[in-house]
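Colleague: The following file, target_30.csv, comprises CSV, C-alpha atoms:
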```
chain,number,residue,atom,x,y,z
A,1,MET,CA,23.9,-19.6,43.9
A,2,ALA,CA,24.9,-20.3,40.3
A,3,PRO,CA,28.0,-22.5,39.7
A,4,THR,CA,31.3,-20.8,38.7
A,5,PRO,CA,31.7,-21.0,34.9
A,6,ALA,CA,34.3,-23.5,33.7
A,7,LYS,CA,37.4,-22.0,32.2
A,8,TYR,CA,40.2,-23.6,30.2
A,9,ALA,CA,43.9,-22.7,29.8
A,10,LEU,CA,46.3,-24.0,27.1
A,11,VAL,CA,49.9,-24.0,28.2
A,12,SER,CA,53.1,-24.8,26.3
A,13,LEU,CA,56.6,-24.9,27.8
A,14,PRO,CA,60.0,-25.9,26.5
A,15,LEU,CA,61.2,-29.3,27.7
A,16,SER,CA,64.5,-27.7,28.6
A,17,THR,CA,62.7,-26.0,31.5
A,18,PHE,CA,62.4,-29.3,33.3
A,19,ASP,CA,65.1,-31.6,34.8
A,20,THR,CA,64.6,-34.4,32.2
A,21,GLY,CA,63.4,-34.3,28.6
A,22,ASP,CA,60.5,-36.6,29.4
A,23,LYS,CA,57.1,-35.2,28.6
A,24,GLN,CA,55.3,-37.2,31.3
A,25,GLU,CA,57.7,-35.9,34.0
A,26,ALA,CA,57.2,-32.4,32.6
A,27,LEU,CA,53.4,-32.8,32.9
A,28,ASP,CA,53.8,-34.1,36.5
A,29,SER,CA,55.9,-31.0,37.3
A,30,LEU,CA,53.3,-28.8,35.8
A,31,LYS,CA,50.6,-30.4,37.9
A,32,ALA,CA,52.7,-29.8,41.0
A,33,THR,CA,53.2,-26.1,40.0
A,34,ILE,CA,49.5,-25.4,39.4
A,35,SER,CA,48.2,-27.6,42.2
A,36,SER,CA,45.1,-29.8,42.0
A,37,GLU,CA,43.2,-27.3,44.1
A,38,ASN,CA,43.5,-24.7,41.3
A,39,GLY,CA,43.0,-26.9,38.3
A,40,ASN,CA,43.3,-30.3,36.6
A,41,VAL,CA,46.2,-30.6,34.2
A,42,LEU,CA,45.9,-32.9,31.2
A,43,PRO,CA,48.1,-33.6,28.2
A,44,PHE,CA,47.1,-31.7,25.0
A,45,PRO,CA,49.0,-33.5,22.3
A,46,VAL,CA,50.1,-31.4,19.3
A,47,PRO,CA,51.7,-33.0,16.2
A,48,ASN,CA,55.0,-31.8,14.7
A,49,PHE,CA,53.8,-29.9,11.6
A,50,LYS,CA,55.7,-28.9,8.6
A,51,ILE,CA,57.6,-25.6,9.3
A,52,GLY,CA,58.1,-23.0,6.7
A,53,THR,CA,60.1,-19.8,6.9
A,54,LEU,CA,60.2,-17.5,9.9
A,55,ASP,CA,58.2,-14.8,8.0
A,56,ALA,CA,55.6,-17.5,7.2
A,57,LEU,CA,55.3,-18.5,10.8
A,58,VAL,CA,54.8,-14.9,12.0
A,59,GLN,CA,52.1,-14.4,9.4
A,60,GLN,CA,50.5,-17.7,10.4
A,61,ALA,CA,50.5,-16.7,14.0
A,62,ASP,CA,48.5,-13.6,13.0
A,63,ASP,CA,46.1,-15.6,10.8
A,64,LEU,CA,45.5,-18.1,13.6
A,65,ALA,CA,44.8,-15.3,16.1
A,66,LYS,CA,42.1,-14.0,13.8
A,67,LEU,CA,40.7,-17.4,13.0
A,68,ASN,CA,40.6,-18.2,16.8
A,69,THR,CA,38.4,-15.1,17.3
A,70,ALA,CA,36.2,-16.2,14.4
A,71,CYS,CA,35.9,-19.7,16.0
A,72,GLU,CA,34.9,-18.2,19.4
A,73,GLY,CA,32.2,-16.1,17.6
A,74,VAL,CA,30.7,-19.0,15.7
A,75,VAL,CA,30.7,-21.3,18.8
A,76,SER,CA,29.0,-18.6,20.8
A,77,LYS,CA,26.4,-18.0,18.1
A,78,VAL,CA,25.6,-21.7,17.8
A,79,GLY,CA,25.3,-22.0,21.6
A,80,ASP,CA,22.8,-19.0,21.5
A,81,SER,CA,20.9,-20.8,18.7
A,82,LEU,CA,20.6,-24.0,20.8
A,83,ARG,CA,19.3,-21.9,23.8
A,84,SER,CA,16.8,-20.2,21.5
A,85,LEU,CA,15.5,-23.5,20.2
A,86,TYR,CA,14.8,-24.5,23.8
A,87,GLU,CA,13.2,-21.1,24.7
A,88,GLY,CA,16.2,-20.2,26.9
A,89,ASN,CA,16.4,-23.5,28.8
A,90,GLU,CA,20.1,-23.7,29.5
A,91,ASP,CA,20.0,-27.3,30.8
A,92,LYS,CA,18.2,-28.7,27.8
A,93,ALA,CA,20.6,-26.8,25.5
A,94,ALA,CA,23.6,-28.2,27.4
A,95,GLU,CA,22.4,-31.7,26.8
A,96,GLN,CA,22.8,-31.1,23.0
A,97,LYS,CA,26.4,-29.8,23.3
A,98,MET,CA,28.2,-32.9,22.2
A,99,VAL,CA,31.4,-33.1,20.1
A,100,ASN,CA,31.9,-36.3,18.2
A,101,ASP,CA,29.2,-38.0,20.4
A,102,LYS,CA,31.1,-37.0,23.5
A,103,PRO,CA,30.2,-34.2,26.0
A,104,THR,CA,32.2,-31.1,25.1
A,105,ASP,CA,34.3,-31.2,28.3
A,106,GLN,CA,35.2,-34.9,27.7
A,107,TYR,CA,36.2,-34.2,24.1
A,108,LEU,CA,38.6,-31.5,25.2
A,109,ARG,CA,40.0,-33.7,28.0
A,110,SER,CA,40.8,-36.4,25.5
A,111,PHE,CA,41.7,-34.2,22.5
A,112,THR,CA,43.8,-35.8,19.8
A,113,TRP,CA,44.6,-34.3,16.4
A,114,ASN,CA,42.3,-35.7,13.7
A,115,LYS,CA,45.0,-37.0,11.3
A,116,VAL,CA,42.5,-38.4,8.8
A,117,ARG,CA,40.6,-35.2,8.3
A,118,TYR,CA,43.6,-32.8,8.7
A,119,ARG,CA,46.8,-34.6,7.7
A,120,ALA,CA,49.6,-33.4,9.8
A,121,ASP,CA,52.1,-33.7,6.9
A,122,ARG,CA,50.3,-30.8,5.2
A,123,PRO,CA,51.8,-27.3,5.4
A,124,VAL,CA,50.4,-25.2,8.3
A,125,GLY,CA,49.1,-22.5,5.9
A,126,GLU,CA,47.1,-25.2,4.0
A,127,LEU,CA,45.6,-26.5,7.3
A,128,ILE,CA,44.6,-22.9,8.3
A,129,ASP,CA,42.8,-22.5,4.9
A,130,ILE,CA,40.9,-25.8,5.3
A,131,LEU,CA,39.8,-24.9,8.9
A,132,GLN,CA,38.8,-21.4,7.8
A,133,LYS,CA,36.6,-22.7,5.0
A,134,GLU,CA,35.0,-25.4,7.2
A,135,LEU,CA,34.2,-22.8,9.8
A,136,ALA,CA,32.6,-20.5,7.3
A,137,THR,CA,30.5,-23.4,5.9
A,138,ILE,CA,29.2,-24.4,9.4
A,139,ASP,CA,28.4,-20.7,10.2
A,140,ASN,CA,26.5,-20.2,7.0
A,141,ASP,CA,24.6,-23.5,7.2
A,142,VAL,CA,23.4,-22.9,10.8
A,143,LYS,CA,22.6,-19.3,10.1
A,144,SER,CA,20.5,-20.2,7.0
A,145,LYS,CA,18.5,-22.9,8.7
A,146,PHE,CA,18.0,-20.8,11.8
A,147,ASN,CA,16.7,-17.9,9.7
A,148,GLN,CA,14.3,-20.3,8.0
A,149,TYR,CA,13.1,-21.5,11.4
A,150,ASN,CA,12.6,-18.0,12.7
A,151,GLN,CA,10.5,-17.1,9.6
A,152,VAL,CA,8.3,-20.1,10.1
A,153,LYS,CA,8.0,-19.4,13.8
A,154,THR,CA,7.0,-15.8,13.0
A,155,ASN,CA,4.4,-17.0,10.5
A,156,LEU,CA,2.9,-19.4,13.1
A,157,ALA,CA,2.8,-16.7,15.8
A,158,ALA,CA,1.0,-14.4,13.3
A,159,LEU,CA,-1.6,-17.1,12.6
A,160,GLN,CA,-2.0,-17.9,16.3
A,161,ARG,CA,-2.5,-14.2,17.1
A,162,LYS,CA,-5.3,-14.2,14.5
A,163,GLN,CA,-7.0,-17.0,16.5
A,164,THR,CA,-6.3,-15.8,20.0
A,165,GLY,CA,-5.9,-12.0,19.8
A,166,ASN,CA,-8.6,-9.4,20.7
A,167,LEU,CA,-11.2,-8.2,18.3
A,168,ALA,CA,-8.9,-5.4,17.0
A,169,THR,CA,-6.4,-8.0,15.7
A,170,LYS,CA,-7.8,-11.5,15.4
A,171,SER,CA,-9.3,-13.1,12.3
A,172,LEU,CA,-13.0,-12.2,11.9
A,173,THR,CA,-13.7,-15.1,9.6
A,174,PRO,CA,-15.2,-17.4,12.4
A,175,ILE,CA,-16.9,-14.4,14.1
A,176,VAL,CA,-18.9,-12.5,11.5
A,177,ASN,CA,-22.1,-13.9,10.1
A,178,PRO,CA,-22.2,-12.9,6.4
A,179,SER,CA,-25.9,-12.1,6.7
A,180,LEU,CA,-25.0,-9.0,8.6
A,181,LEU,CA,-23.1,-7.6,5.7
A,182,VAL,CA,-24.4,-5.6,2.7
A,183,GLN,CA,-23.0,-7.4,-0.3
A,184,ASP,CA,-23.1,-6.8,-4.0
A,185,SER,CA,-24.5,-3.3,-3.6
A,186,GLU,CA,-23.6,-0.5,-6.0
A,187,TYR,CA,-23.9,2.2,-3.4
A,188,LEU,CA,-23.7,0.8,0.1
A,189,GLU,CA,-20.9,-0.9,2.1
A,190,THR,CA,-20.7,-2.4,5.6
A,191,HIS,CA,-17.8,-1.6,7.8
A,192,LEU,CA,-16.6,-3.6,10.8
A,193,VAL,CA,-15.3,-1.4,13.6
A,194,ALA,CA,-13.6,-2.6,16.9
A,195,VAL,CA,-14.4,0.0,19.6
A,196,PRO,CA,-12.7,-0.1,23.0
A,197,THR,CA,-15.3,-1.1,25.7
A,198,ASN,CA,-14.8,2.2,27.6
A,199,LEU,CA,-15.7,4.2,24.4
A,200,LYS,CA,-18.9,2.3,23.7
A,201,LYS,CA,-21.2,5.2,24.8
A,202,GLU,CA,-19.3,7.8,22.8
A,203,TYR,CA,-19.4,5.5,19.7
A,204,LEU,CA,-23.2,4.9,19.9
A,205,LYS,CA,-23.7,8.6,20.4
A,206,SER,CA,-21.6,9.9,17.5
A,207,TYR,CA,-21.0,7.2,14.9
A,208,GLU,CA,-23.9,8.5,12.6
A,209,THR,CA,-22.4,12.0,12.4
A,210,ILE,CA,-18.6,11.5,12.2
A,211,SER,CA,-18.8,11.5,8.4
A,212,PRO,CA,-21.5,12.2,5.7
A,213,MET,CA,-24.0,9.6,4.6
A,214,VAL,CA,-23.8,7.0,7.4
A,215,VAL,CA,-27.0,5.0,7.3
A,216,PRO,CA,-28.9,5.9,10.5
A,217,ARG,CA,-29.3,3.3,13.2
A,218,SER,CA,-27.3,0.8,11.0
A,219,SER,CA,-24.9,-0.1,13.8
A,220,ILE,CA,-25.2,-3.7,15.0
A,221,GLN,CA,-23.1,-5.2,17.8
A,222,VAL,CA,-21.4,-8.3,16.3
A,223,ALA,CA,-19.2,-9.6,19.1
A,224,GLN,CA,-17.5,-8.5,22.4
A,225,ASP,CA,-14.4,-9.5,24.4
A,226,ASP,CA,-12.6,-8.1,27.4
A,227,GLU,CA,-11.1,-5.2,25.5
A,228,PHE,CA,-13.3,-4.4,22.4
A,229,ILE,CA,-16.8,-4.5,21.0
A,230,LEU,CA,-17.2,-5.2,17.3
A,231,PHE,CA,-19.8,-3.2,15.5
A,232,ALA,CA,-21.1,-3.5,11.9
A,233,VAL,CA,-22.0,0.0,10.3
A,234,THR,CA,-23.3,0.7,6.8
A,235,THR,CA,-22.3,3.8,4.8
A,236,PHE,CA,-22.4,5.0,1.3
A,237,LYS,CA,-19.4,3.8,-0.6
A,238,LYS,CA,-18.2,7.2,-1.8
A,239,HIS,CA,-17.7,8.3,1.9
A,240,SER,CA,-16.2,5.0,3.1
A,241,ALA,CA,-12.6,6.3,3.2
A,242,GLU,CA,-13.6,9.3,5.2
A,243,PHE,CA,-15.6,7.2,7.7
A,244,GLN,CA,-12.7,4.9,8.3
A,245,GLN,CA,-10.3,7.9,8.8
A,246,LYS,CA,-12.7,9.5,11.3
A,247,CYS,CA,-13.0,6.1,13.2
A,248,ARG,CA,-9.2,6.1,13.6
A,249,GLU,CA,-9.2,9.6,14.9
A,250,HIS,CA,-11.8,8.5,17.5
A,251,LYS,CA,-9.5,5.5,18.4
A,252,TRP,CA,-11.9,3.0,16.9
A,253,THR,CA,-10.2,0.4,14.8
A,254,PRO,CA,-11.7,-0.3,11.3
A,255,ARG,CA,-11.2,-3.9,10.4
A,256,GLN,CA,-10.7,-5.1,6.9
A,257,TYR,CA,-12.9,-8.1,6.1
A,258,LYS,CA,-14.3,-9.7,3.0
A,259,TYR,CA,-16.5,-12.8,3.2
A,260,VAL,CA,-15.1,-15.8,1.4
A,261,GLU,CA,-17.0,-19.1,1.1
A,262,GLY,CA,-15.2,-21.7,3.2
A,263,GLY,CA,-12.8,-19.1,4.7
A,264,LYS,CA,-13.1,-20.4,8.3
A,265,GLU,CA,-12.1,-23.9,7.3
A,266,GLU,CA,-9.3,-22.6,5.1
A,267,GLU,CA,-7.8,-20.6,7.9
A,268,GLN,CA,-7.8,-23.7,10.2
A,269,ARG,CA,-6.1,-25.7,7.5
A,270,GLU,CA,-3.4,-23.0,7.1
A,271,LEU,CA,-2.8,-22.9,10.8
A,272,ASP,CA,-2.5,-26.7,11.0
A,273,ARG,CA,-0.1,-26.7,8.0
A,274,VAL,CA,2.2,-24.1,9.5
A,275,THR,CA,2.1,-25.8,12.9
A,276,ARG,CA,3.3,-29.0,11.3
A,277,GLU,CA,5.9,-27.1,9.3
A,278,GLU,CA,7.2,-25.3,12.4
A,279,LYS,CA,7.7,-28.7,14.2
A,280,LYS,CA,9.5,-30.1,11.1
A,281,VAL,CA,11.8,-27.1,10.7
A,282,TRP,CA,12.5,-27.0,14.5
A,283,GLY,CA,13.7,-30.6,14.3
A,284,GLU,CA,15.9,-29.8,11.2
A,285,ALA,CA,17.3,-26.7,13.0
A,286,LEU,CA,18.1,-28.7,16.1
A,287,ARG,CA,19.9,-31.4,14.2
A,288,LEU,CA,21.9,-28.9,12.2
A,289,THR,CA,22.7,-26.8,15.2
A,290,ARG,CA,23.9,-29.9,17.2
A,291,THR,CA,26.1,-30.7,14.2
A,292,GLY,CA,27.2,-27.0,14.1
A,293,TRP,CA,28.2,-27.2,17.8
A,294,SER,CA,30.2,-30.4,17.3
A,295,GLU,CA,31.9,-29.1,14.2
A,296,SER,CA,32.7,-25.6,15.4
A,297,VAL,CA,34.1,-26.7,18.7
A,298,MET,CA,36.2,-29.4,17.0
A,299,ILE,CA,37.5,-26.8,14.5
A,300,TRP,CA,38.3,-24.4,17.3
A,301,ALA,CA,40.3,-27.1,19.2
A,302,HIS,CA,42.4,-27.8,16.1
A,303,VAL,CA,42.9,-24.1,15.5
A,304,MET,CA,44.2,-23.8,19.1
A,305,ALA,CA,46.5,-26.8,18.7
A,306,LEU,CA,48.0,-25.1,15.6
A,307,ARG,CA,48.4,-21.8,17.6
A,308,VAL,CA,50.2,-23.7,20.4
A,309,PHE,CA,52.5,-25.2,17.8
A,310,VAL,CA,53.2,-22.0,15.8
A,311,GLU,CA,53.8,-19.9,18.8
A,312,SER,CA,55.9,-22.6,20.5
A,313,VAL,CA,58.2,-22.6,17.5
A,314,LEU,CA,58.4,-18.8,17.4
A,315,ARG,CA,59.2,-18.6,21.1
A,316,TYR,CA,61.3,-21.8,21.8
A,317,GLY,CA,62.9,-22.4,18.4
A,318,LEU,CA,64.3,-25.7,17.1
A,319,PRO,CA,64.5,-28.6,17.8
A,320,LEU,CA,60.7,-29.0,18.5
A,321,GLU,CA,60.9,-30.0,22.1
A,322,PHE,CA,58.0,-28.6,24.1
A,323,VAL,CA,55.2,-30.0,26.3
A,324,SER,CA,51.7,-28.7,25.9
A,325,ALA,CA,48.9,-29.1,28.4
A,326,LEU,CA,45.2,-28.3,29.0
A,327,VAL,CA,44.3,-26.9,32.4
A,328,LEU,CA,40.7,-27.3,33.5
A,329,THR,CA,39.7,-24.7,36.0
A,330,ASN,CA,37.1,-22.1,36.6
A,331,ALA,CA,36.7,-18.3,36.3
A,332,LYS,CA,37.6,-17.7,39.9
A,333,LEU,CA,40.7,-20.0,40.1
A,334,VAL,CA,42.2,-19.2,36.7
A,335,LYS,CA,44.0,-16.2,38.1
A,336,LYS,CA,45.7,-18.4,40.6
A,337,VAL,CA,46.7,-20.8,37.8
A,338,LYS,CA,48.3,-17.9,35.9
A,339,ALA,CA,50.0,-16.6,39.0
A,340,ALA,CA,51.5,-20.0,39.8
A,341,LEU,CA,52.8,-20.4,36.2
A,342,ASP,CA,54.3,-16.8,36.2
A,343,SER,CA,56.0,-17.6,39.5
A,344,SER,CA,57.7,-20.6,38.1
A,345,TYR,CA,58.3,-19.8,34.5
A,346,SER,CA,58.5,-16.0,34.1
A,347,TYR,CA,62.2,-16.2,33.8
A,348,LEU,CA,61.6,-17.5,30.2
A,349,GLY,CA,60.7,-14.0,29.3
A,350,GLY,CA,64.2,-12.7,30.0
A,351,ASN,CA,64.0,-9.0,30.7
A,352,ALA,CA,60.3,-8.9,30.1
A,353,PHE,CA,59.8,-9.7,33.8
A,354,GLY,CA,61.7,-8.3,36.7
A,355,ARG,CA,61.7,-9.3,40.4
A,356,ASP,CA,62.0,-7.2,43.5
A,357,LYS,CA,64.4,-7.8,46.4
A,358,ARG,CA,62.1,-10.5,47.8
A,359,GLY,CA,62.0,-12.3,44.5
A,360,ARG,CA,58.4,-11.3,43.6
A,361,ILE,CA,57.5,-10.6,40.0
A,362,THR,CA,57.3,-6.9,39.1
A,363,LYS,CA,55.4,-5.4,36.2
A,364,ASP,CA,56.9,-6.1,32.8
A,365,ASP,CA,58.7,-3.5,30.8
A,366,ALA,CA,56.1,-1.5,28.8
A,367,ALA,CA,58.3,-1.0,25.7
A,368,LEU,CA,59.1,-4.7,25.5
A,369,THR,CA,55.5,-5.7,26.0
A,370,SER,CA,54.5,-3.4,23.1
A,371,GLU,CA,57.1,-4.9,20.9
A,372,MET,CA,56.2,-8.5,21.7
A,373,ALA,CA,52.5,-7.8,21.3
A,374,ALA,CA,53.2,-6.3,17.8
A,375,ALA,CA,55.0,-9.6,17.0
A,376,GLY,CA,51.9,-11.6,17.9
A,377,LEU,CA,53.3,-13.0,21.1
A,378,GLY,CA,50.6,-11.8,23.4
A,379,HIS,CA,48.3,-13.6,25.9
A,380,ALA,CA,44.8,-14.7,24.9
A,381,ASP,CA,44.4,-12.2,22.1
A,382,THR,CA,45.1,-9.3,24.4
A,383,ASN,CA,48.2,-7.1,24.4
A,384,GLU,CA,49.5,-8.7,27.6
A,385,TYR,CA,52.8,-10.4,27.0
A,386,THR,CA,53.5,-13.8,28.7
A,387,ALA,CA,56.8,-15.5,29.1
A,388,TYR,CA,55.4,-18.7,27.7
A,389,VAL,CA,52.6,-19.9,25.4
A,390,TYR,CA,49.4,-19.4,27.3
A,391,TYR,CA,45.7,-19.1,26.1
A,392,GLU,CA,42.5,-18.9,28.1
A,393,PHE,CA,39.1,-19.8,26.7
A,394,GLU,CA,35.7,-20.9,27.8
A,395,LEU,CA,32.7,-22.7,26.2
```
As a first step, turn the structure in this file into structure tokens.
Modeller:
Amino acid sequence: MAPTPAKYALVSLPLSTFDTGDKQEALDSLKATISSENGNVLPFPVPNFKIGTLDALVQQADDLAKLNTACEGVVSKVGDSLRSLYEGNEDKAAEQKMVNDKPTDQYLRSFTWNKVRYRADRPVGELIDILQKELATIDNDVKSKFNQYNQVKTNLAALQRKQTGNLATKSLTPIVNPSLLVQDSEYLETHLVAVPTNLKKEYLKSYETISPMVVPRSSIQVAQDDEFILFAVTTFKKHSAEFQQKCREHKWTPRQYKYVEGGKEEEQRELDRVTREEKKVWGEALRLTRTGWSESVMIWAHVMALRVFVESVLRYGLPLEFVSALVLTNAKLVKKVKAALDSSYSYLGGNAFGRDKRGRITKDDAALTSEMAAAGLGHADTNEYTAYVYYEFEL
């Protein structure tokens, strides 16, 4: 049975929710709420960024939601590219998923804001622009290199088919003896025709009469494989086009072939060259895709840190006193994580959540949910309102 996919949740809560203003004690309380059976709670440190106007924060929350979706898309595409490079081998692709030379999970577990690359004293809007541009660059670089690799791979496959296909498709250069061909004649031309093996009798019986001026008894068997027999037939040039058309109507395949001195050796050199190029570009694509994974995941983590900050300010106000945490769980247990958090912290939503006579949470008010969603205060880019900052994601 396949393992349950890993799932992550980012949570932010106001410190006023807890008995003391200590962040470590708040994290310990959060761990007790979620329970180690449902997930592992780790600190997710978020710097105190420069705050602009309320209108700016609302706009930034919207921009970050869109950028988060873009990050998710790029990370997914880069992951698909890695799998493609390893012919769908998920385990080999997973080995390449490193972020800053750490396994992806370890990077997220030990996340710290990169203050050298993204100075925390810069305005939030400026940081969003930087992250957006970096993500676009990574996406374009990986896409461009992968397109190059796919083109080389297609070229190699075409050359290999010429070497290994059947007589209807493969190169005839190493097969046809030039002495079988009528060459340098003003009136006559030799055609090469691939005939399915089950149509051999029909061909031999009718090839002389399917079009005018086919040289009688000129058909010579050149080669045979499991599917086709290759024949050489001579006709007068002025009826060549008609002969070829009639061949197609009989489901015989006319092959285009022109003898070139040294053609066999040239084909082999081309195959060797493209084989070497494919290996070279594969290595380049792998290196760039590994970098693309590292960079796109790192950018995404910083975008999520900014989202946590901006939405925490919008929800909890000033002073900036909130605790943020990363919950490591899986697709099955994440619902229990959310239920445990709702059970303890739904009161932060005020009238958005009600309780029945037994104290159980009832469905939120639809009108308020709609208003909060419109303000960008939803859950995980859906229209579901949560009473606290909460995002789910997976890699």
Colleague: Could you please determine the separation between CA of Ile130 in chain A and CA of Lys50 in chain A in Å, to one decimal place?
Modeller: 15.5 Å
Colleague: Nearest to Thr209 in chain A: which of A:Thr137, A:Ser185, A:Thr235, A:Asn89 is it, counting all atoms listed in the file?
Modeller: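 Comparing A:Thr137, A:Ser185, A:Thr235, A:Asn89 against Thr209 in chain A, the winner is A:Thr235.
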Colleague: Can you work out the spacing between CA of Thr329 in chain A and CA of Leu27 in chain A in Å, to one decimal?
Modeller: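 Pair CA of Thr329 in chain A / CA of Leu27 in chain A returns 16.2 Å.
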Colleague: For Ser240 in chain A, which of A:Leu127, A:Cys71, A:Met213, A:Leu204 is the closest residue, counting only C-alpha atoms?
Modeller: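 Nearest to Ser240 in chain A: A:Met213.
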Colleague: For range 312-319 of chain A, find every residue with an atom within 7 Å (counting all atoms listed in the file), except residues of its own chain fewer than 4 positions away, and show them as a ChimeraX atom specification.
Modeller: /A:12,14,308,389
Colleague: Please compute the CA of Leu188 in chain A-CA of Leu230 in chain A distance, one decimal, in Å.
Modeller: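 CA of Leu230 in chain A lies at a distance of 19.3 Å from CA of Leu188 in chain A.
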Colleague: Find the residues around Ala70 in chain A up to 10 Å (all atoms listed in the file counted), leave out those fewer than 3 positions away in its own chain, and share them as a list in words.
Modeller: Leu64, Ala65, Lys66, Leu67, Gly73, Val74, Val75, Ser76, Gln132, Leu135, Ala136, Asp139 and Trp300 of chain A
Colleague: With a distance cut-off of 7 Å and only C-alpha atoms, select the neighbouring residues of Phe393 in chain A, excluding the residue or stretch itself and same-chain residues fewer than 6 positions from it, and output the selection as a list in words.
Modeller: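 Here the qualifying residues turn out to be Lys7, Tyr8 and Ala9 of chain A.
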Colleague: May I have the residues within 6 Å of Ala325 in chain A as a VMD selection string, using only C-alpha atoms and disregarding those fewer than 4 positions away in the same chain?
Modeller: chain A and resid 10 to 11 42 to 44
Colleague: Here is a test: counting all atoms listed in the file, which residue of A:Ile34, A:Val233, A:His250, A:Glu90 is nearest to Leu181 in chain A?
Modeller: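 Ranking A:Ile34, A:Val233, A:His250, A:Glu90 by distance to Leu181 in chain A, first place goes to A:Val233.
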Colleague: Find the residue from A:Leu326, A:Leu159, A:Ala232, A:Ala194 that sits nearest to Pro178 in chain A; use only C-alpha atoms when measuring.
Modeller: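 Of A:Leu326, A:Leu159, A:Ala232, A:Ala194, the one nearest Pro178 in chain A is A:Ala232, counting only C-alpha atoms.
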Colleague: Given the choices A:Leu306, A:Asn40, A:Glu186, A:Lys338, which gets closest to Glu126 in chain A if the distance is worked out from all atoms listed in the file?
Modeller: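 Answer, going by the shortest atom-to-atom distance: A:Leu306.
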Colleague: Counting only C-alpha atoms, figure out which residue out of A:His239, A:Lys77, A:Tyr259, A:Gln245 gets nearest to Asn140 in chain A.
Modeller: A:Lys77
Colleague: What's the 9 Å shell around Phe49 in chain A, counting all atoms listed in the file, without same-chain residues fewer than 3 positions away, as a short mmCIF file (atom, residue, chain, number, x, y, z; two decimals) with C-alpha atoms, in the coordinates of the input?
Modeller:
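Wrote result-v4.cif, looks like this:
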```cif
data_model
loop_
_atom_site.label_atom_id
_atom_site.label_comp_id
_atom_site.auth_asym_id
_atom_site.auth_seq_id
_atom_site.Cartn_x
_atom_site.Cartn_y
_atom_site.Cartn_z
CA VAL A 46 50.10 -31.40 19.30
CA ALA A 120 49.60 -33.40 9.80
CA ASP A 121 52.10 -33.70 6.90
CA ARG A 122 50.30 -30.80 5.20
CA PRO A 123 51.80 -27.30 5.40
CA VAL A 124 50.40 -25.20 8.30
CA LEU A 306 48.00 -25.10 15.60
CA PHE A 309 52.50 -25.20 17.80
CA VAL A 310 53.20 -22.00 15.80
#
```
Colleague: Taking (12.0, -28.9, 4.1) in the file's coordinates, which residues come within 10 Å, counting all atoms listed in the file, written as a PyMOL selection string?
Modeller: chain A and resi 145+148+277+280-281+284
